[in-house]
Amino acid sequence: MGIYEELQARGLIAQVTDEALIRDLVNNGKATFYIGFDPTADSLHVGHFMALCLMKRLQMAGNKPIALIGGGTAMIGDPSGRSDMRQMMTKETIEHNCECFKQQMSKFIDFSEGKALMVNNADWLLDLNYVDILREVGAHFSVNRMLSAECYKQRMEKGLSFLEFNYMIMQSYDFYALFQKYGCNLQFGGDDQWSNMLGGTELIRRKLGKDASAMTITLLLNSEGKKMGKTQSGAVWLDPNKTSPFEFYQYWRNVADADVLKCIRMLTFLPLEEIDKMDAWEGSELNKAKEILAFELTKLVHGEEEAAKAQASAKALFSSGAAENMPTFEVTEEDLVDGQIDILTLLQKSGLVPSKSEARRAVEQGGVAVDGEKVTDIRKNFVAIEIPEEGIVLRRGKKNFRKVVVK
């Protein structure tokens, strides 16, 4: 089985152009491909996970990845898959986020000896002349066709700014620039990027001729991958300072029964033959599958040692109610009022809920416990000096925990 057929078997490919040519490229290690990442935060999150795993798979098959950091496109909004415009950032913030991305991507992609590239589209987009763009690029785009794209139709009702309308042209120019500078002959992206990606393929062929070797492939990256990046408490980050290895492990350990095998197939590097045997698993066997998923992905991001610690902590937590490597919240003097902290504040500041209203709802619905005892009083207070040195275990729901200690 070639890598293209493996991607199909893992459920990663939604639609392609020039399938025969793409299959030949990737199966024979002749693809130089890119995937774009918008630096909207100082860490990648699990919504980027599928793209990173895909790049790793293709590189292992002899193909050359280009990680394109959208330092230039981040200067404007991206309407793709969104109902509102993304907030603009300063150049300094974008540059900082780009540097953070580089460090995290190196865990997945081998950038040594020219095996992969990391480039920033600010290097060419920020120096473009507006009149030149109108003449050289704008002439190849139909406004009617652009407006028919789903990403723009979703925004038309609320209002689509001219700034956002240019995003397709900028992304298309990215592929054109990468094709000319680095011989990039293939682009990957999520299904909500399809129109933008087709624009890039068409731009190359219009400017350089129909025989220009530029192709497009799109993945189930956003519909199946980006939704993985959010929880009730916010994003699940790859940065261990934002999401601890234990929390990362628990996130994957808690995926729905219906999603666990799909996630194993799409995101892990386990052999397909081994995964196929899991298709018949039911009941308690699905919990075993979730442990496999959580361990494999935590190992990929944080290393085998941290994955083993997280797994041991999770098992200890459910067997004895305590765990050494459980995420810890330290109560400081600033958190206290008259030497006490109330349950709603504790839930919010520990990160178990995003707001006081969510904390109130969790308590009233019976979903909060301290050291195994349910808390039902929203006015419950904890005196700092009465919290034992080893701390207390705060729980929201069945599977979200924090150890609380007084600093």
# chains A, B, ... in the order shown; residues from 1 in each chain; ligands from 1
$ residues_around --residues "A:Gly2" --least-positions-apart "6" --cutoff "12 Å" --atoms "only C-alpha atoms" --output "list in words"
Gln8, Ala9, Ile22, Arg23, Asp24, Leu25, Val26, Asn27, Asn28, Gly29, Arg57, Leu58, Met60, Ala61 and Gly62 of chain A
$ residues_around --residues "A:Phe382" --least-positions-apart "6" --cutoff "8 Å" --atoms "only C-alpha atoms" --output "ChimeraX atom specification"
/A:340-343
$ residues_around --residues "A:Thr268" --least-positions-apart "2" --cutoff "12 Å" --atoms "only C-alpha atoms" --output "count of residues only"
33
$ residues_around --residues "stretch 396-406 of chain A" --least-positions-apart "2" --cutoff "10 Å" --atoms "only C-alpha atoms" --output "VMD selection string"
chain A and resid 247 250 to 251 253 to 254 314 317 to 318 321 to 333 346 to 347 350 to 353 359 362 to 363 365 to 371 374 384 to 394
$ write_last_selection --atoms "C-alpha atoms" --output "PDB file, in the first residue's frame"
ATOM      1  CA  GLU A 247      -4.695  17.240  30.807  1.00  0.00           C
ATOM      2  CA  GLN A 250      -7.239  13.109  29.718  1.00  0.00           C
ATOM      3  CA  TYR A 251      -8.660  15.033  26.784  1.00  0.00           C
ATOM      4  CA  ARG A 253      -8.998   9.568  27.075  1.00  0.00           C
ATOM      5  CA  ASN A 254     -12.405  11.226  27.252  1.00  0.00           C
ATOM      6  CA  ALA A 314      -4.997   8.721  35.264  1.00  0.00           C
ATOM      7  CA  LEU A 317      -6.860   8.803  39.982  1.00  0.00           C
ATOM      8  CA  PHE A 318      -9.723   6.461  39.190  1.00  0.00           C
ATOM      9  CA  GLY A 321      -8.785   9.170  44.038  1.00  0.00           C
ATOM     10  CA  ALA A 322      -5.300  10.665  43.985  1.00  0.00           C
ATOM     11  CA  ALA A 323      -2.563  11.189  41.422  1.00  0.00           C
ATOM     12  CA  GLU A 324       0.950  12.564  41.632  1.00  0.00           C
ATOM     13  CA  ASN A 325       0.979  14.221  38.231  1.00  0.00           C
ATOM     14  CA  MET A 326      -2.511  15.707  38.362  1.00  0.00           C
ATOM     15  CA  PRO A 327      -2.628  19.387  37.251  1.00  0.00           C
ATOM     16  CA  THR A 328      -2.181  21.553  40.349  1.00  0.00           C
ATOM     17  CA  PHE A 329      -3.656  24.929  41.217  1.00  0.00           C
ATOM     18  CA  GLU A 330      -1.799  26.927  43.841  1.00  0.00           C
ATOM     19  CA  VAL A 331      -3.932  29.193  46.033  1.00  0.00           C
ATOM     20  CA  THR A 332      -2.026  32.405  46.771  1.00  0.00           C
ATOM     21  CA  GLU A 333      -2.692  35.327  49.086  1.00  0.00           C
ATOM     22  CA  LEU A 346     -11.863  28.074  43.136  1.00  0.00           C
ATOM     23  CA  LEU A 347     -13.504  26.348  40.188  1.00  0.00           C
ATOM     24  CA  SER A 350      -8.279  26.520  38.780  1.00  0.00           C
ATOM     25  CA  GLY A 351      -9.386  26.365  35.139  1.00  0.00           C
ATOM     26  CA  LEU A 352     -12.084  23.746  35.597  1.00  0.00           C
ATOM     27  CA  VAL A 353     -14.738  26.178  34.334  1.00  0.00           C
ATOM     28  CA  ALA A 359     -19.184  27.220  38.192  1.00  0.00           C
ATOM     29  CA  ALA A 362     -21.880  22.878  37.886  1.00  0.00           C
ATOM     30  CA  VAL A 363     -22.425  23.052  41.655  1.00  0.00           C
ATOM     31  CA  GLN A 365     -26.335  20.349  39.066  1.00  0.00           C
ATOM     32  CA  GLY A 366     -24.350  18.213  41.478  1.00  0.00           C
ATOM     33  CA  GLY A 367     -21.246  17.987  39.304  1.00  0.00           C
ATOM     34  CA  VAL A 368     -18.640  19.241  41.801  1.00  0.00           C
ATOM     35  CA  ALA A 369     -16.829  17.324  44.532  1.00  0.00           C
ATOM     36  CA  VAL A 370     -13.893  17.901  46.883  1.00  0.00           C
ATOM     37  CA  ASP A 371     -11.915  14.845  48.001  1.00  0.00           C
ATOM     38  CA  LYS A 374     -20.150  16.348  46.569  1.00  0.00           C
ATOM     39  CA  ALA A 384      -6.637  28.391  53.515  1.00  0.00           C
ATOM     40  CA  ILE A 385      -4.928  27.293  56.728  1.00  0.00           C
ATOM     41  CA  GLU A 386      -7.279  24.301  56.958  1.00  0.00           C
ATOM     42  CA  ILE A 387      -6.294  22.922  53.541  1.00  0.00           C
ATOM     43  CA  PRO A 388      -3.791  20.097  54.226  1.00  0.00           C
ATOM     44  CA  GLU A 389      -0.215  20.397  53.004  1.00  0.00           C
ATOM     45  CA  GLU A 390      -0.730  17.657  50.395  1.00  0.00           C
ATOM     46  CA  GLY A 391      -3.732  19.587  49.065  1.00  0.00           C
ATOM     47  CA  ILE A 392      -7.289  18.642  48.173  1.00  0.00           C
ATOM     48  CA  VAL A 393      -8.693  17.133  44.976  1.00  0.00           C
ATOM     49  CA  LEU A 394     -11.291  19.290  43.231  1.00  0.00           C
TER      50      LEU A 394
END
$ atom_distance --atom1 "atom CA of A:Thr201" --atom2 "atom CA of A:Asp174"
10.4 Å
$ closest_residue --among "A:Phe111, A:Phe188, A:Asp127, A:Gly183" --to "A:Phe37" --atoms "only C-alpha atoms"
A:Phe188
$ residues_around --residues "A:Lys356" --least-positions-apart "6" --cutoff "7 Å" --atoms "only C-alpha atoms" --output "ChimeraX atom specification"
/A:344-345,348
$ write_last_selection --atoms "N, CA and C atoms" --output "compact mmCIF listing (two decimals), in the first residue's frame"
# COMPACT_ATOMS: atom_id res chain seq x y z
N LEU A 344 -16.93 28.77 43.98
CA LEU A 344 -17.09 29.26 42.61
C LEU A 344 -15.79 29.87 42.10
N THR A 345 -15.14 30.67 42.97
CA THR A 345 -13.85 31.26 42.60
C THR A 345 -12.81 30.17 42.38
N GLN A 348 -13.31 28.46 39.01
CA GLN A 348 -12.93 29.29 37.88
C GLN A 348 -11.41 29.49 37.80
$ residues_around --residues "A:Val16" --least-positions-apart "4" --cutoff "7 Å" --atoms "only C-alpha atoms" --output "PDB file with N, CA and C atoms, in the first residue's frame"
ATOM      1  N   THR A 216      -3.781  20.210  -6.179  1.00  0.00           N
ATOM      2  CA  THR A 216      -4.444  20.533  -4.929  1.00  0.00           C
ATOM      3  C   THR A 216      -5.026  19.270  -4.318  1.00  0.00           C
ATOM      4  N   ILE A 217      -4.943  19.195  -3.024  1.00  0.00           N
ATOM      5  CA  ILE A 217      -5.630  18.120  -2.310  1.00  0.00           C
ATOM      6  C   ILE A 217      -6.234  18.739  -1.057  1.00  0.00           C
ATOM      7  N   THR A 218      -7.377  18.286  -0.650  1.00  0.00           N
ATOM      8  CA  THR A 218      -7.971  18.816   0.570  1.00  0.00           C
ATOM      9  C   THR A 218      -8.306  17.669   1.520  1.00  0.00           C
TER      10      THR A 218
END
$ select_by_dssp --residues "stretch 159-217 of chain A" --states "strand (DSSP E)" --output "list in words"
Leu186, Gln187, Met215, Thr216 and Ile217 of chain A
$ write_last_selection --atoms "C-alpha atoms" --output "short mmCIF file (atom, residue, chain, number, x, y, z; two decimals), in the first residue's frame"
data_model
loop_
_atom_site.label_atom_id
_atom_site.label_comp_id
_atom_site.auth_asym_id
_atom_site.auth_seq_id
_atom_site.Cartn_x
_atom_site.Cartn_y
_atom_site.Cartn_z
CA LEU A 186 1.15 20.31 -3.98
CA GLN A 187 -0.96 22.01 -1.34
CA MET A 215 -2.03 20.29 -7.80
CA THR A 216 -4.44 20.53 -4.93
CA ILE A 217 -5.63 18.12 -2.31
#
$ decode --residues "stretch 336-352 of chain A" --atoms "N, CA and C atoms" --output "mmCIF file, in the first residue's frame"
data_model
loop_
_atom_site.group_PDB
_atom_site.id
_atom_site.type_symbol
_atom_site.label_atom_id
_atom_site.label_comp_id
_atom_site.auth_asym_id
_atom_site.auth_seq_id
_atom_site.Cartn_x
_atom_site.Cartn_y
_atom_site.Cartn_z
ATOM 1 N N LEU A 336 -7.293 34.972 48.099
ATOM 2 C CA LEU A 336 -8.057 34.844 49.336
ATOM 3 C C LEU A 336 -8.791 36.127 49.707
ATOM 4 N N VAL A 337 -9.933 35.944 50.341
ATOM 5 C CA VAL A 337 -10.676 37.042 50.957
ATOM 6 C C VAL A 337 -10.874 36.668 52.412
ATOM 7 N N ASP A 338 -10.251 37.422 53.302
ATOM 8 C CA ASP A 338 -10.285 37.103 54.740
ATOM 9 C C ASP A 338 -9.795 35.684 55.001
ATOM 10 N N GLY A 339 -8.748 35.302 54.262
ATOM 11 C CA GLY A 339 -8.143 33.988 54.478
ATOM 12 C C GLY A 339 -8.923 32.824 53.903
ATOM 13 N N GLN A 340 -9.943 33.122 53.081
ATOM 14 C CA GLN A 340 -10.787 32.057 52.527
ATOM 15 C C GLN A 340 -10.944 32.214 51.011
ATOM 16 N N ILE A 341 -11.359 31.122 50.393
ATOM 17 C CA ILE A 341 -11.687 31.158 48.968
ATOM 18 C C ILE A 341 -12.960 30.347 48.763
ATOM 19 N N ASP A 342 -13.918 30.912 48.018
ATOM 20 C CA ASP A 342 -15.200 30.231 47.835
ATOM 21 C C ASP A 342 -15.129 29.242 46.688
ATOM 22 N N ILE A 343 -16.047 28.325 46.637
ATOM 23 C CA ILE A 343 -16.033 27.225 45.683
ATOM 24 C C ILE A 343 -16.136 27.718 44.245
ATOM 25 N N LEU A 344 -16.934 28.766 43.983
ATOM 26 C CA LEU A 344 -17.087 29.259 42.614
ATOM 27 C C LEU A 344 -15.790 29.872 42.100
ATOM 28 N N THR A 345 -15.139 30.667 42.966
ATOM 29 C CA THR A 345 -13.849 31.259 42.597
ATOM 30 C C THR A 345 -12.805 30.174 42.376
ATOM 31 N N LEU A 346 -12.828 29.163 43.230
ATOM 32 C CA LEU A 346 -11.863 28.074 43.136
ATOM 33 C C LEU A 346 -12.021 27.310 41.816
ATOM 34 N N LEU A 347 -13.251 27.049 41.444
ATOM 35 C CA LEU A 347 -13.504 26.348 40.188
ATOM 36 C C LEU A 347 -13.023 27.155 38.983
ATOM 37 N N GLN A 348 -13.306 28.457 39.013
ATOM 38 C CA GLN A 348 -12.926 29.292 37.880
ATOM 39 C C GLN A 348 -11.411 29.492 37.804
ATOM 40 N N LYS A 349 -10.792 29.854 38.923
ATOM 41 C CA LYS A 349 -9.360 30.149 38.897
ATOM 42 C C LYS A 349 -8.508 28.910 38.661
ATOM 43 N N SER A 350 -9.028 27.748 39.020
ATOM 44 C CA SER A 350 -8.279 26.520 38.780
ATOM 45 C C SER A 350 -8.355 26.076 37.327
ATOM 46 N N GLY A 351 -9.257 26.701 36.553
ATOM 47 C CA GLY A 351 -9.386 26.365 35.139
ATOM 48 C C GLY A 351 -10.381 25.265 34.835
ATOM 49 N N LEU A 352 -11.109 24.804 35.834
ATOM 50 C CA LEU A 352 -12.084 23.746 35.597
ATOM 51 C C LEU A 352 -13.344 24.263 34.915
#
